[in-house]
$ cat final_10.cif   # mmCIF, C-alpha atoms and all ligand atoms
data_protein
#
loop_
_atom_site.label_atom_id
_atom_site.label_comp_id
_atom_site.auth_asym_id
_atom_site.auth_seq_id
_atom_site.Cartn_x
_atom_site.Cartn_y
_atom_site.Cartn_z
CA MET A 8 -23.54 93.93 98.06
CA GLU A 9 -20.26 95.18 99.54
CA GLU A 10 -17.65 92.45 100.01
CA LYS A 11 -18.04 90.74 103.36
CA ARG A 12 -15.48 91.49 106.08
CA LYS A 13 -13.38 88.37 106.75
CA ILE A 14 -13.01 87.95 110.51
CA ILE A 15 -11.69 85.50 113.09
CA MET A 16 -13.10 85.62 116.64
CA ASP A 17 -10.84 84.74 119.60
CA VAL A 18 -12.94 84.21 122.72
CA ASP A 19 -12.99 83.11 126.36
CA THR A 20 -16.74 82.37 126.27
CA GLY A 21 -18.16 83.77 129.02
CA SER A 22 -21.41 85.60 128.82
CA ASP A 23 -20.40 88.70 126.86
CA ASP A 24 -18.23 86.62 124.50
CA ALA A 25 -21.38 84.62 123.76
CA ILE A 26 -23.23 87.79 122.77
CA ALA A 27 -20.26 88.83 120.63
CA LEU A 28 -20.32 85.43 118.88
CA VAL A 29 -24.06 85.76 118.19
CA MET A 30 -23.51 89.14 116.55
CA ALA A 31 -20.47 87.95 114.57
CA MET A 32 -22.41 84.93 113.27
CA LEU A 33 -25.65 86.76 112.47
CA ASP A 34 -24.46 90.07 110.97
CA GLU A 35 -24.38 89.22 107.25
CA GLN A 36 -21.68 91.81 106.61
CA PHE A 37 -19.23 89.39 108.22
CA ASP A 38 -17.57 86.31 106.77
CA LEU A 39 -16.66 84.53 110.02
CA LEU A 40 -13.79 82.19 109.12
CA GLY A 41 -13.52 80.52 112.52
CA ILE A 42 -13.69 80.82 116.30
CA CYS A 43 -10.63 80.31 118.52
CA SER A 44 -11.16 79.61 122.21
CA VAL A 45 -8.71 80.52 124.97
CA ASN A 46 -8.32 80.23 128.75
CA GLY A 47 -9.71 83.26 130.52
CA ASN A 48 -13.08 83.76 132.19
CA ILE A 49 -13.12 80.02 132.73
CA GLU A 50 -10.75 77.27 131.64
CA VAL A 51 -10.31 76.58 127.93
CA LYS A 52 -12.20 73.25 128.05
CA LEU A 53 -15.25 75.23 129.19
CA THR A 54 -14.75 78.27 126.96
CA THR A 55 -14.59 75.84 124.04
CA ASP A 56 -17.73 74.00 125.15
CA ASN A 57 -19.61 77.28 125.63
CA SER A 58 -18.55 78.52 122.19
CA LEU A 59 -19.86 75.29 120.63
CA ARG A 60 -23.18 75.81 122.45
CA VAL A 61 -23.52 79.31 120.97
CA VAL A 62 -22.71 78.07 117.45
CA GLU A 63 -25.53 75.53 117.75
CA CYS A 64 -27.90 78.13 119.24
CA CYS A 65 -27.36 80.21 116.06
CA ASP A 66 -27.77 77.11 113.83
CA LYS A 67 -24.32 77.74 112.33
CA GLN A 68 -22.76 74.34 113.02
CA ASP A 69 -22.38 73.73 109.26
CA ALA A 70 -20.84 77.13 108.65
CA VAL A 71 -18.21 77.73 111.33
CA LYS A 72 -15.82 75.67 113.45
CA VAL A 73 -14.38 76.18 116.92
CA TYR A 74 -10.63 75.67 117.45
CA LYS A 75 -9.45 75.01 120.98
CA GLY A 76 -6.65 77.36 122.07
CA CYS A 77 -4.12 77.88 124.82
CA ASP A 78 -5.00 76.81 128.34
CA TYR A 79 -2.19 78.78 129.98
CA PRO A 80 -1.04 82.37 129.53
CA MET A 81 2.45 82.82 128.06
CA VAL A 82 4.29 83.37 131.38
CA SER A 83 2.09 85.15 133.95
CA THR A 84 1.18 82.01 135.89
CA LEU A 85 4.76 80.73 136.06
CA MET A 86 5.67 83.01 138.94
CA PRO A 87 3.97 81.65 142.10
CA TRP A 88 3.84 85.14 143.64
CA THR A 89 1.72 86.75 140.92
CA PRO A 90 -2.05 87.03 141.49
CA GLN A 91 -2.52 85.43 138.07
CA SER A 92 -1.10 82.22 139.47
CA THR A 93 -3.51 82.23 142.39
CA GLY A 94 -6.60 82.63 140.23
CA ILE A 95 -7.79 85.90 141.67
CA ARG A 96 -9.22 88.19 139.02
CA SER A 97 -12.28 90.08 138.18
CA GLU A 98 -14.19 91.15 135.13
CA GLY A 99 -16.31 92.28 137.98
CA SER A 100 -16.06 89.57 140.52
CA ALA A 101 -15.30 86.04 139.52
CA ASN A 102 -12.20 84.00 140.05
CA THR A 103 -10.31 82.92 136.99
CA PRO A 104 -10.07 79.17 137.14
CA MET A 105 -6.46 79.48 136.11
CA PRO A 106 -4.89 76.06 135.83
CA ASN A 107 -3.85 76.50 139.40
CA PRO A 108 -5.66 74.92 142.33
CA ARG A 109 -4.91 77.82 144.70
CA ARG A 110 -8.06 79.75 143.85
CA GLU A 111 -9.57 82.05 146.39
CA GLY A 112 -13.22 81.85 147.34
CA THR A 113 -15.74 83.19 144.89
CA ARG A 114 -17.33 86.61 145.38
CA ALA A 115 -20.84 87.89 144.95
CA GLY A 116 -21.90 88.06 141.31
CA ASP A 117 -19.40 85.43 140.25
CA LYS A 118 -21.70 82.75 138.90
CA GLU A 119 -24.01 85.19 137.12
CA VAL A 120 -21.35 87.04 135.16
CA HIS A 121 -19.49 83.96 133.89
CA PRO A 122 -21.12 80.64 134.72
CA GLU A 123 -19.10 77.55 133.82
CA HIS A 124 -21.88 76.55 131.42
CA LEU A 125 -24.03 78.93 129.42
CA PRO A 126 -27.82 78.45 129.74
CA LEU A 127 -27.88 76.34 126.53
CA PRO A 128 -28.06 72.63 125.78
CA GLU A 129 -24.86 70.58 125.89
CA PRO A 130 -23.31 70.77 122.40
CA LYS A 131 -23.70 67.88 119.94
CA ILE A 132 -20.78 69.20 117.87
CA ARG A 133 -17.11 68.99 118.87
CA GLU A 134 -14.19 71.34 118.38
CA ALA A 135 -12.10 70.97 115.21
CA LYS A 136 -9.00 68.79 115.32
CA ASP A 137 -6.48 71.63 114.71
CA SER A 138 -5.44 73.67 117.75
CA ALA A 139 -6.29 77.37 117.54
CA VAL A 140 -2.67 78.46 117.07
CA VAL A 141 -2.02 75.97 114.25
CA TRP A 142 -5.28 76.88 112.51
CA LEU A 143 -4.64 80.63 112.92
CA ILE A 144 -1.18 80.34 111.34
CA ASN A 145 -2.34 78.12 108.44
CA THR A 146 -5.41 80.28 107.71
CA LEU A 147 -3.50 83.55 107.79
CA LEU A 148 -0.62 82.23 105.66
CA GLU A 149 -3.11 81.23 102.96
CA ALA A 150 -4.73 84.69 102.98
CA GLU A 151 -3.83 87.76 100.93
CA ASP A 152 -2.00 90.60 102.67
CA GLY A 153 -4.35 92.65 104.81
CA GLU A 154 -7.29 90.32 104.18
CA ILE A 155 -8.37 89.15 107.65
CA THR A 156 -9.50 91.09 110.73
CA LEU A 157 -8.90 89.50 114.12
CA ILE A 158 -11.38 90.21 116.94
CA PRO A 159 -9.86 88.95 120.22
CA VAL A 160 -12.18 89.42 123.19
CA GLY A 161 -10.31 87.34 125.74
CA PRO A 162 -6.66 87.06 126.79
CA LEU A 163 -4.35 87.53 123.79
CA THR A 164 -2.40 84.28 124.24
CA ASN A 165 -3.39 82.49 121.01
CA ILE A 166 -2.55 85.42 118.72
CA ALA A 167 0.71 86.29 120.48
CA VAL A 168 1.91 82.67 120.33
CA ALA A 169 0.96 82.48 116.64
CA MET A 170 2.88 85.71 115.91
CA ARG A 171 5.96 84.42 117.74
CA ALA A 172 5.73 81.03 116.04
CA ASP A 173 5.38 82.45 112.51
CA PRO A 174 5.73 86.24 112.03
CA ARG A 175 4.84 85.79 108.36
CA ILE A 176 1.19 86.00 109.48
CA ILE A 177 1.52 89.65 110.54
CA PRO A 178 1.17 91.27 107.08
CA LYS A 179 -1.89 89.08 106.43
CA ILE A 180 -3.79 90.82 109.23
CA LYS A 181 -5.90 93.82 108.15
CA GLU A 182 -6.58 94.99 111.69
CA ILE A 183 -6.87 93.66 115.22
CA VAL A 184 -9.88 95.02 117.13
CA ILE A 185 -9.38 94.05 120.76
CA MET A 186 -11.78 94.15 123.66
CA GLY A 187 -9.18 94.87 126.30
CA GLY A 188 -7.34 97.38 128.38
CA GLY A 189 -8.48 100.26 130.51
CA HIS A 190 -7.44 103.87 131.07
CA LEU A 191 -9.66 105.36 133.77
CA VAL A 192 -11.74 102.17 134.15
CA ASN A 193 -10.19 98.89 135.29
CA ASN A 194 -11.41 95.70 136.89
CA SER A 195 -8.91 92.92 137.63
CA SER A 196 -6.70 95.25 139.63
CA PRO A 197 -6.68 99.03 140.20
CA ALA A 198 -4.53 99.35 137.08
CA SER A 199 -5.54 96.52 134.75
CA GLU A 200 -8.36 95.04 132.72
CA PHE A 201 -8.98 91.31 132.81
CA ASN A 202 -8.07 90.23 129.25
CA VAL A 203 -4.75 92.05 129.42
CA TRP A 204 -4.20 91.16 133.09
CA VAL A 205 -4.44 87.40 132.46
CA ASP A 206 -1.64 87.54 129.88
CA PRO A 207 0.11 90.94 129.90
CA GLU A 208 3.07 89.75 127.84
CA ALA A 209 0.73 88.55 125.07
CA MET A 210 -0.87 91.99 124.75
CA GLU A 211 2.59 93.55 124.63
CA VAL A 212 3.62 91.22 121.78
CA LEU A 213 0.66 92.50 119.75
CA LEU A 214 1.49 96.12 120.55
CA HIS A 215 4.99 95.55 119.15
CA SER A 216 3.74 93.70 116.04
CA GLY A 217 3.18 96.71 113.80
CA CYS A 218 -0.41 95.59 113.09
CA LYS A 219 -3.17 98.19 113.04
CA ILE A 220 -4.64 97.80 116.53
CA THR A 221 -7.90 99.28 117.84
CA MET A 222 -8.39 98.88 121.57
CA VAL A 223 -11.96 98.77 122.89
CA PRO A 224 -11.23 99.21 126.61
CA LEU A 225 -13.46 99.29 129.67
CA ASP A 226 -13.73 103.08 129.36
CA ALA A 227 -15.73 102.50 126.15
CA THR A 228 -17.55 99.30 127.09
CA HIS A 229 -18.89 100.72 130.36
CA ALA A 230 -20.18 103.74 128.43
CA ALA A 231 -22.07 101.32 126.16
CA TYR A 232 -23.89 99.40 128.92
CA ILE A 233 -27.25 97.79 128.10
CA THR A 234 -30.16 97.83 130.57
CA VAL A 235 -32.56 95.07 131.56
CA GLU A 236 -35.36 97.27 130.19
CA GLU A 237 -33.60 97.35 126.80
CA SER A 238 -33.08 93.58 126.92
CA LYS A 239 -36.88 93.15 126.99
CA ARG A 240 -37.10 94.49 123.42
CA ILE A 241 -34.38 92.02 122.43
CA ARG A 242 -36.31 89.18 124.04
CA GLU A 243 -39.47 90.13 122.14
CA ILE A 244 -37.68 89.34 118.87
CA GLY A 245 -38.25 85.80 120.03
CA THR A 246 -35.57 83.84 118.15
CA LYS A 247 -33.22 81.48 120.03
CA PRO A 248 -30.23 83.84 119.65
CA ALA A 249 -32.28 86.89 120.74
CA ILE A 250 -33.58 85.05 123.80
CA LEU A 251 -30.04 83.98 124.67
CA VAL A 252 -28.78 87.57 124.38
CA ALA A 253 -31.61 88.81 126.62
CA ASP A 254 -30.96 86.04 129.16
CA LEU A 255 -27.26 86.89 129.30
CA ILE A 256 -27.85 90.64 129.67
CA GLU A 257 -30.21 89.94 132.57
CA GLN A 258 -27.74 87.47 134.09
CA ARG A 259 -24.91 89.96 133.83
CA THR A 260 -27.03 92.72 135.34
CA ILE A 261 -27.67 90.52 138.40
CA GLY A 262 -23.95 89.87 138.68
CA TYR A 263 -22.87 93.47 138.24
CA ALA A 264 -25.49 94.69 140.72
CA GLN A 265 -23.62 92.76 143.40
CA ASN A 266 -20.31 94.51 142.96
CA ASP A 267 -20.68 97.63 140.79
CA ALA A 268 -22.75 100.43 142.34
CA GLU A 269 -22.91 102.43 139.10
CA MET A 270 -24.28 99.51 137.06
CA LYS A 271 -26.64 98.63 139.91
CA ALA A 272 -28.12 102.13 139.72
CA LEU A 273 -28.36 101.92 135.92
CA LYS A 274 -30.00 98.45 136.14
CA GLY A 275 -27.72 97.29 133.37
CA ALA A 276 -24.36 95.81 132.54
CA PRO A 277 -21.58 96.32 130.03
CA ILE A 278 -21.42 93.61 127.36
CA HIS A 279 -17.81 94.41 126.57
CA ASP A 280 -17.02 91.95 123.77
CA ALA A 281 -19.99 92.68 121.52
CA LEU A 282 -18.87 96.33 121.30
CA ALA A 283 -15.60 95.23 119.70
CA VAL A 284 -17.56 93.30 117.05
CA CYS A 285 -19.74 96.35 116.37
CA ALA A 286 -16.66 98.58 116.06
CA VAL A 287 -15.28 96.50 113.15
CA LEU A 288 -18.23 97.38 110.91
CA HIS A 289 -19.20 100.67 112.58
CA PRO A 290 -16.01 102.36 113.88
CA GLU A 291 -18.08 105.47 114.53
CA VAL A 292 -19.51 103.61 117.55
CA LEU A 293 -16.23 104.41 119.29
CA LYS A 294 -15.82 107.97 120.51
CA ASN A 295 -12.92 110.03 121.84
CA VAL A 296 -10.47 107.69 120.11
CA LEU A 297 -6.80 108.44 120.80
CA HIS A 298 -4.20 107.57 118.18
CA CYS A 299 -1.47 106.97 120.69
CA ASN A 300 1.48 105.03 121.95
CA CYS A 301 0.35 102.31 124.35
CA HIS A 302 2.33 99.66 126.16
CA VAL A 303 1.60 97.13 128.89
CA ASP A 304 3.38 97.09 132.23
CA ILE A 305 5.05 93.66 132.29
CA SER A 306 7.40 94.52 135.12
CA ARG A 307 5.27 92.45 137.54
CA GLY A 308 4.86 95.24 140.02
CA TYR A 309 1.65 96.64 141.43
CA ALA A 310 0.52 97.76 137.93
CA TYR A 311 1.28 94.43 136.22
CA GLY A 312 -1.02 94.29 133.16
CA GLN A 313 -1.76 98.01 132.99
CA THR A 314 -2.32 99.47 129.50
CA ILE A 315 -0.30 102.68 129.70
CA VAL A 316 -1.57 105.29 127.22
CA ASP A 317 0.89 108.09 126.45
CA ARG A 318 -1.27 111.23 126.41
CA ARG A 319 1.58 113.74 126.57
CA GLU A 320 0.88 116.52 124.09
CA ARG A 321 4.53 117.00 123.12
CA VAL A 322 6.00 115.16 120.15
CA HIS A 323 5.68 111.45 120.81
CA PRO A 324 9.08 109.84 121.30
CA GLU A 325 7.53 106.46 120.58
CA PRO A 326 5.54 105.24 117.51
CA LEU A 327 1.77 105.63 117.64
CA ASN A 328 0.92 101.92 117.82
CA CYS A 329 -2.81 101.85 118.54
CA TYR A 330 -6.19 103.53 118.46
CA PHE A 331 -7.56 103.62 122.03
CA ALA A 332 -11.25 104.48 122.50
CA LEU A 333 -12.23 106.35 125.67
CA ASP A 334 -15.98 106.45 125.00
CA ALA A 335 -18.73 104.83 122.92
CA ASP A 336 -22.11 105.60 121.35
CA ARG A 337 -24.50 103.48 123.42
CA GLU A 338 -27.53 104.12 121.22
CA LEU A 339 -25.75 103.18 117.98
CA PHE A 340 -24.49 99.99 119.63
CA TYR A 341 -27.94 98.97 120.91
CA ASN A 342 -29.68 99.78 117.61
CA TRP A 343 -27.10 97.69 115.74
CA MET A 344 -27.84 94.70 117.97
CA ILE A 345 -31.59 95.09 117.44
CA ASP A 346 -31.12 95.44 113.67
CA VAL A 347 -28.94 92.32 113.37
CA LEU A 348 -31.27 90.19 115.51
CA GLU A 349 -34.42 91.40 113.69
CA LYS A 350 -32.87 90.69 110.27
CA ASP A 351 -31.97 87.20 111.49
CA LYS A 352 -35.62 86.71 112.47
CA GLU A 353 -36.74 87.77 108.97
CA ARG A 354 -34.34 85.30 107.36
CA ARG A 355 -35.69 82.47 109.50
CA LYS A 356 -39.27 82.97 108.22
O1 LIG B 401 -12.65 92.86 131.20
C1 LIG B 401 -13.69 92.41 130.37
C2 LIG B 401 -13.28 91.22 129.61
O2 LIG B 401 -12.96 90.17 130.52
C3 LIG B 401 -14.39 90.65 128.70
O3 LIG B 401 -13.81 90.13 127.53
C4 LIG B 401 -14.97 89.54 129.52
O4 LIG B 401 -15.50 88.49 128.71
C5 LIG B 401 -13.77 89.04 130.26
O5 LIG B 401 -13.06 88.17 129.38
CA CA B 402 -14.20 87.84 126.93
#

$ encode --input "final_10.cif" --output "structure tokens"
Amino acid sequence: MEEKRKIIMDVDTGSDDAIALVMAMLDEQFDLLGICSVNGNIEVKLTTDNSLRVVECCDKQDAVKVYKGCDYPMVSTLMPWTPQSTGIRSEGSANTPMPNPRREGTRAGDKEVHPEHLPLPEPKIREAKDSAVVWLINTLLEAEDGEITLIPVGPLTNIAVAMRADPRIIPKIKEIVIMGGGHLVNNSSPASEFNVWVDPEAMEVLLHSGCKITMVPLDATHAAYITVEESKRIREIGTKPAILVADLIEQRTIGYAQNDAEMKALKGAPIHDALAVCAVLHPEVLKNVLHCNCHVDISRGYAYGQTIVDRRERVHPEPLNCYFALDADRELFYNWMIDVLEKDKERRK
């Protein structure tokens, strides 16, 4: 058997993060070294708790630990005039419970897309004692060069802080496959995608790191939406993880139907984060991938948090620092999910 791909998940568990965690834990081609939680969809206490619930749902509590990460972005909430500090955001609708009491009212679809608690029992297990940043640094420093792939699917705070704290970790990273960013598709503002929007400076630190970076932006994740009809086949697999995935797809579809006309018509929802996990093993799932120069607007203007992709044809004045996918193969993605969940069912017999 081919050597397993060593990965670390960095999540703001939320509903699509939960699906991504299921796939990362159940695809046997992965060696999941650990899960780092971060503030994002909901506050880090809750993203940690939800991640623990998913680990137990997959019966992996003896195999993988959850490390609690940063509960504030690097700087975006320090300026009282930025929307990040008032807790307004949207993967589609919800408010980010930023550690700031001045949150606006919730909007339609909020509770379905990212409930504070996933529809799973309260966890019996607790997070590990090390903080996510400390564990990330120690784990990467002990690794060989280019040995570990990072899969961040929430704000990039933990990884950026770890890079700033100890740059020696950078050569240890094989690749960073990020669910984040948007080119023609955005959500938290007309110009930005939620994970980058929460902590724009953190994303920019990664884009300056020199690591191999693959961005799985909203342009790709919306192309790889999954429908309620398709979730029925997932539910029929009948295992706890499969039922959870089906529940979350249905929940997200209800949420998206309340504020996204296109997804309402499709009777489906994007499950952004799981596509990033798929892309690590099956990069062919990403289509129309630009090798480009990309930077984040951190000037705190109207486009604060925008991922700016340089598509000028002439010779690039700046280094090509990331692979940015503008499309995805929906069928390959769905079939991969079915395959992983069915193999898990076989192993449980
Ligand atoms: O914009 C989509 C991203 O924001 C996903 O990672 C979702 O979980 C939310 O964090
Ligand atoms: Ca996420």

$ closest_residue --input "final_10.cif" --among "A:Met86, A:Cys64, A:Ile26, A:Val160" --to "ligand LIG 401 (chain B)" --atoms "all atoms listed in the file"
A:Val160

$ closest_residue --input "final_10.cif" --among "A:Tyr341, A:Asn145, A:Gly217, A:Trp204" --to "Arg240 of chain A" --atoms "all atoms listed in the file"
A:Tyr341

$ residues_near_point --input "final_10.cif" --point "(-30.6, 82.3, 120.5)" --cutoff "8 Å" --atoms "only C-alpha atoms" --output "PyMOL selection string"
chain A and resi 29+61+64-65+246-252

$ closest_atom_pairs --input "final_10.cif" --of "segment 178-252 of chain A" --to "segment 285-303 of chain A" --cutoff "7 Å" --atoms "all atoms listed in the file" --output "tab-separated table"
residue	atom	partner	partner_atom	distance
A:Val184	CA	A:Val287	CA	6.9
A:Pro207	CA	A:Val303	CA	6.4
A:Glu211	CA	A:Val303	CA	5.7
A:Leu214	CA	A:His302	CA	6.7

$ write_last_selection --input "final_10.cif" --atoms "C-alpha atoms" --output "PDB file, in the frame of the given file"
ATOM      1  CA  VAL A 184      -9.880  95.020 117.130  1.00  0.00           C
ATOM      2  CA  PRO A 207       0.110  90.940 129.900  1.00  0.00           C
ATOM      3  CA  GLU A 211       2.590  93.550 124.630  1.00  0.00           C
ATOM      4  CA  LEU A 214       1.490  96.120 120.550  1.00  0.00           C
TER       5      LEU A 214
END

$ closest_residue --input "final_10.cif" --among "A:Arg337, A:His215, A:Lys131, A:His121" --to "ligand CA 402 (chain B)" --atoms "only C-alpha atoms and all ligand atoms"
A:His121

$ closest_atom_pairs --input "final_10.cif" --of "chain A" --to "ligand CA 402 (chain B)" --cutoff "9 Å" --atoms "all atoms listed in the file" --output "Markdown table"
| residue | atom | partner | partner_atom | distance |
| --- | --- | --- | --- | --- |
| A:Asp17 | CA | B:CA402 | CA | 8.6 |
| A:Val18 | CA | B:CA402 | CA | 5.7 |
| A:Asp19 | CA | B:CA402 | CA | 4.9 |
| A:Thr20 | CA | B:CA402 | CA | 6.1 |
| A:Gly21 | CA | B:CA402 | CA | 6.1 |
| A:Ser22 | CA | B:CA402 | CA | 7.8 |
| A:Asp23 | CA | B:CA402 | CA | 6.3 |
| A:Asp24 | CA | B:CA402 | CA | 4.9 |
| A:Ala25 | CA | B:CA402 | CA | 8.5 |
| A:Ala27 | CA | B:CA402 | CA | 8.8 |
| A:Gly47 | CA | B:CA402 | CA | 7.4 |
| A:Asn48 | CA | B:CA402 | CA | 6.8 |
| A:Glu98 | CA | B:CA402 | CA | 8.8 |
| A:Pro159 | CA | B:CA402 | CA | 8.1 |
| A:Val160 | CA | B:CA402 | CA | 4.5 |
| A:Gly161 | CA | B:CA402 | CA | 4.1 |
| A:Pro162 | CA | B:CA402 | CA | 7.6 |
| A:Met186 | CA | B:CA402 | CA | 7.5 |
| A:Gly187 | CA | B:CA402 | CA | 8.7 |
| A:Phe201 | CA | B:CA402 | CA | 8.6 |
| A:Asn202 | CA | B:CA402 | CA | 7.0 |
| A:His279 | CA | B:CA402 | CA | 7.5 |
| A:Asp280 | CA | B:CA402 | CA | 5.9 |

$ closest_residue --input "final_10.cif" --among "A:Leu282, A:Met210, A:Ala70, A:Ile261" --to "ligand LIG 401 (chain B)" --atoms "all atoms listed in the file"
A:Leu282

$ residues_around --input "final_10.cif" --residues "Leu225 of chain A" --least-positions-apart "4" --cutoff "10 Å" --atoms "all atoms listed in the file" --output "short mmCIF file (atom, residue, chain, number, x, y, z; two decimals) with C-alpha atoms, in the frame of the given file"
data_model
loop_
_atom_site.label_atom_id
_atom_site.label_comp_id
_atom_site.auth_asym_id
_atom_site.auth_seq_id
_atom_site.Cartn_x
_atom_site.Cartn_y
_atom_site.Cartn_z
CA GLU A 98 -14.19 91.15 135.13
CA MET A 186 -11.78 94.15 123.66
CA GLY A 187 -9.18 94.87 126.30
CA GLY A 188 -7.34 97.38 128.38
CA GLY A 189 -8.48 100.26 130.51
CA HIS A 190 -7.44 103.87 131.07
CA LEU A 191 -9.66 105.36 133.77
CA VAL A 192 -11.74 102.17 134.15
CA ASN A 193 -10.19 98.89 135.29
CA ASN A 194 -11.41 95.70 136.89
CA SER A 199 -5.54 96.52 134.75
CA GLU A 200 -8.36 95.04 132.72
CA PHE A 201 -8.98 91.31 132.81
CA HIS A 229 -18.89 100.72 130.36
CA ALA A 230 -20.18 103.74 128.43
CA ALA A 231 -22.07 101.32 126.16
CA PRO A 277 -21.58 96.32 130.03
CA HIS A 279 -17.81 94.41 126.57
CA ALA A 332 -11.25 104.48 122.50
CA LEU A 333 -12.23 106.35 125.67
CA ASP A 334 -15.98 106.45 125.00
#

$ atom_distance --input "final_10.cif" --atom1 "atom CA of Asp34 of chain A" --atom2 "atom CA of Val347 of chain A"
5.6 Å

$ closest_residue --input "final_10.cif" --among "A:Ile183, A:Ala283, A:Ile305, A:Val168" --to "ligand LIG 401 (chain B)" --atoms "all atoms listed in the file"
A:Ala283

$ atom_distance --input "final_10.cif" --atom1 "atom C4 of ligand LIG 401 (chain B)" --atom2 "atom CA of Ile315 of chain A"
19.7 Å

$ residues_around --input "final_10.cif" --residues "segment 72-78 of chain A" --least-positions-apart "2" --cutoff "6 Å" --atoms "all atoms listed in the file" --output "list in words"
Gly41, Ile42, Cys43, Ser44, Val45, Asn46, Val51, Glu134, Ala135, Ser138 and Ala139 of chain A

$ decode --input "final_10.cif" --residues "segment 295-300 of chain A" --atoms "all heavy atoms" --output "PDB file, in the first residue's frame"
ATOM      1  N   ASN A 295      -9.604  24.123 -13.841  1.00  0.00           N
ATOM      2  CA  ASN A 295      -9.273  25.513 -14.164  1.00  0.00           C
ATOM      3  C   ASN A 295      -8.422  26.118 -13.037  1.00  0.00           C
ATOM      4  O   ASN A 295      -8.787  27.131 -12.438  1.00  0.00           O
ATOM      5  CB  ASN A 295     -10.560  26.324 -14.396  1.00  0.00           C
ATOM      6  CG  ASN A 295     -10.269  27.666 -15.055  1.00  0.00           C
ATOM      7  OD1 ASN A 295      -9.112  27.971 -15.344  1.00  0.00           O
ATOM      8  ND2 ASN A 295     -11.313  28.452 -15.271  1.00  0.00           N
ATOM      9  N   VAL A 296      -7.305  25.449 -12.759  1.00  0.00           N
ATOM     10  CA  VAL A 296      -6.424  25.866 -11.665  1.00  0.00           C
ATOM     11  C   VAL A 296      -5.369  26.841 -12.208  1.00  0.00           C
ATOM     12  O   VAL A 296      -4.638  26.524 -13.145  1.00  0.00           O
ATOM     13  CB  VAL A 296      -5.722  24.641 -11.028  1.00  0.00           C
ATOM     14  CG1 VAL A 296      -4.801  25.081  -9.884  1.00  0.00           C
ATOM     15  CG2 VAL A 296      -6.769  23.642 -10.512  1.00  0.00           C
ATOM     16  N   LEU A 297      -5.341  28.026 -11.617  1.00  0.00           N
ATOM     17  CA  LEU A 297      -4.370  29.047 -12.039  1.00  0.00           C
ATOM     18  C   LEU A 297      -3.127  28.949 -11.173  1.00  0.00           C
ATOM     19  O   LEU A 297      -3.256  28.953  -9.943  1.00  0.00           O
ATOM     20  CB  LEU A 297      -4.982  30.452 -11.858  1.00  0.00           C
ATOM     21  CG  LEU A 297      -6.325  30.769 -12.498  1.00  0.00           C
ATOM     22  CD1 LEU A 297      -6.754  32.192 -12.117  1.00  0.00           C
ATOM     23  CD2 LEU A 297      -6.244  30.604 -14.007  1.00  0.00           C
ATOM     24  N   HIS A 298      -1.944  28.853 -11.787  1.00  0.00           N
ATOM     25  CA  HIS A 298      -0.718  29.041 -11.014  1.00  0.00           C
ATOM     26  C   HIS A 298      -0.455  30.526 -11.085  1.00  0.00           C
ATOM     27  O   HIS A 298      -0.152  31.050 -12.169  1.00  0.00           O
ATOM     28  CB  HIS A 298       0.439  28.246 -11.619  1.00  0.00           C
ATOM     29  CG  HIS A 298       1.656  28.235 -10.731  1.00  0.00           C
ATOM     30  ND1 HIS A 298       2.900  27.855 -11.177  1.00  0.00           N
ATOM     31  CD2 HIS A 298       1.820  28.566  -9.418  1.00  0.00           C
ATOM     32  CE1 HIS A 298       3.784  27.936 -10.175  1.00  0.00           C
ATOM     33  NE2 HIS A 298       3.145  28.368  -9.106  1.00  0.00           N
ATOM     34  N   CYS A 299      -0.624  31.209  -9.977  1.00  0.00           N
ATOM     35  CA  CYS A 299      -0.678  32.675 -10.069  1.00  0.00           C
ATOM     36  C   CYS A 299      -0.053  33.344  -8.853  1.00  0.00           C
ATOM     37  O   CYS A 299       0.353  32.690  -7.890  1.00  0.00           O
ATOM     38  CB  CYS A 299      -2.150  33.093 -10.159  1.00  0.00           C
ATOM     39  SG  CYS A 299      -3.076  32.648  -8.680  1.00  0.00           S
ATOM     40  N   ASN A 300      -0.003  34.675  -8.976  1.00  0.00           N
ATOM     41  CA  ASN A 300       0.358  35.483  -7.814  1.00  0.00           C
ATOM     42  C   ASN A 300      -0.923  35.946  -7.151  1.00  0.00           C
ATOM     43  O   ASN A 300      -1.819  36.455  -7.829  1.00  0.00           O
ATOM     44  CB  ASN A 300       1.206  36.686  -8.236  1.00  0.00           C
ATOM     45  CG  ASN A 300       1.526  37.583  -7.048  1.00  0.00           C
ATOM     46  OD1 ASN A 300       0.830  38.567  -6.789  1.00  0.00           O
ATOM     47  ND2 ASN A 300       2.552  37.215  -6.298  1.00  0.00           N
TER      48      ASN A 300
END
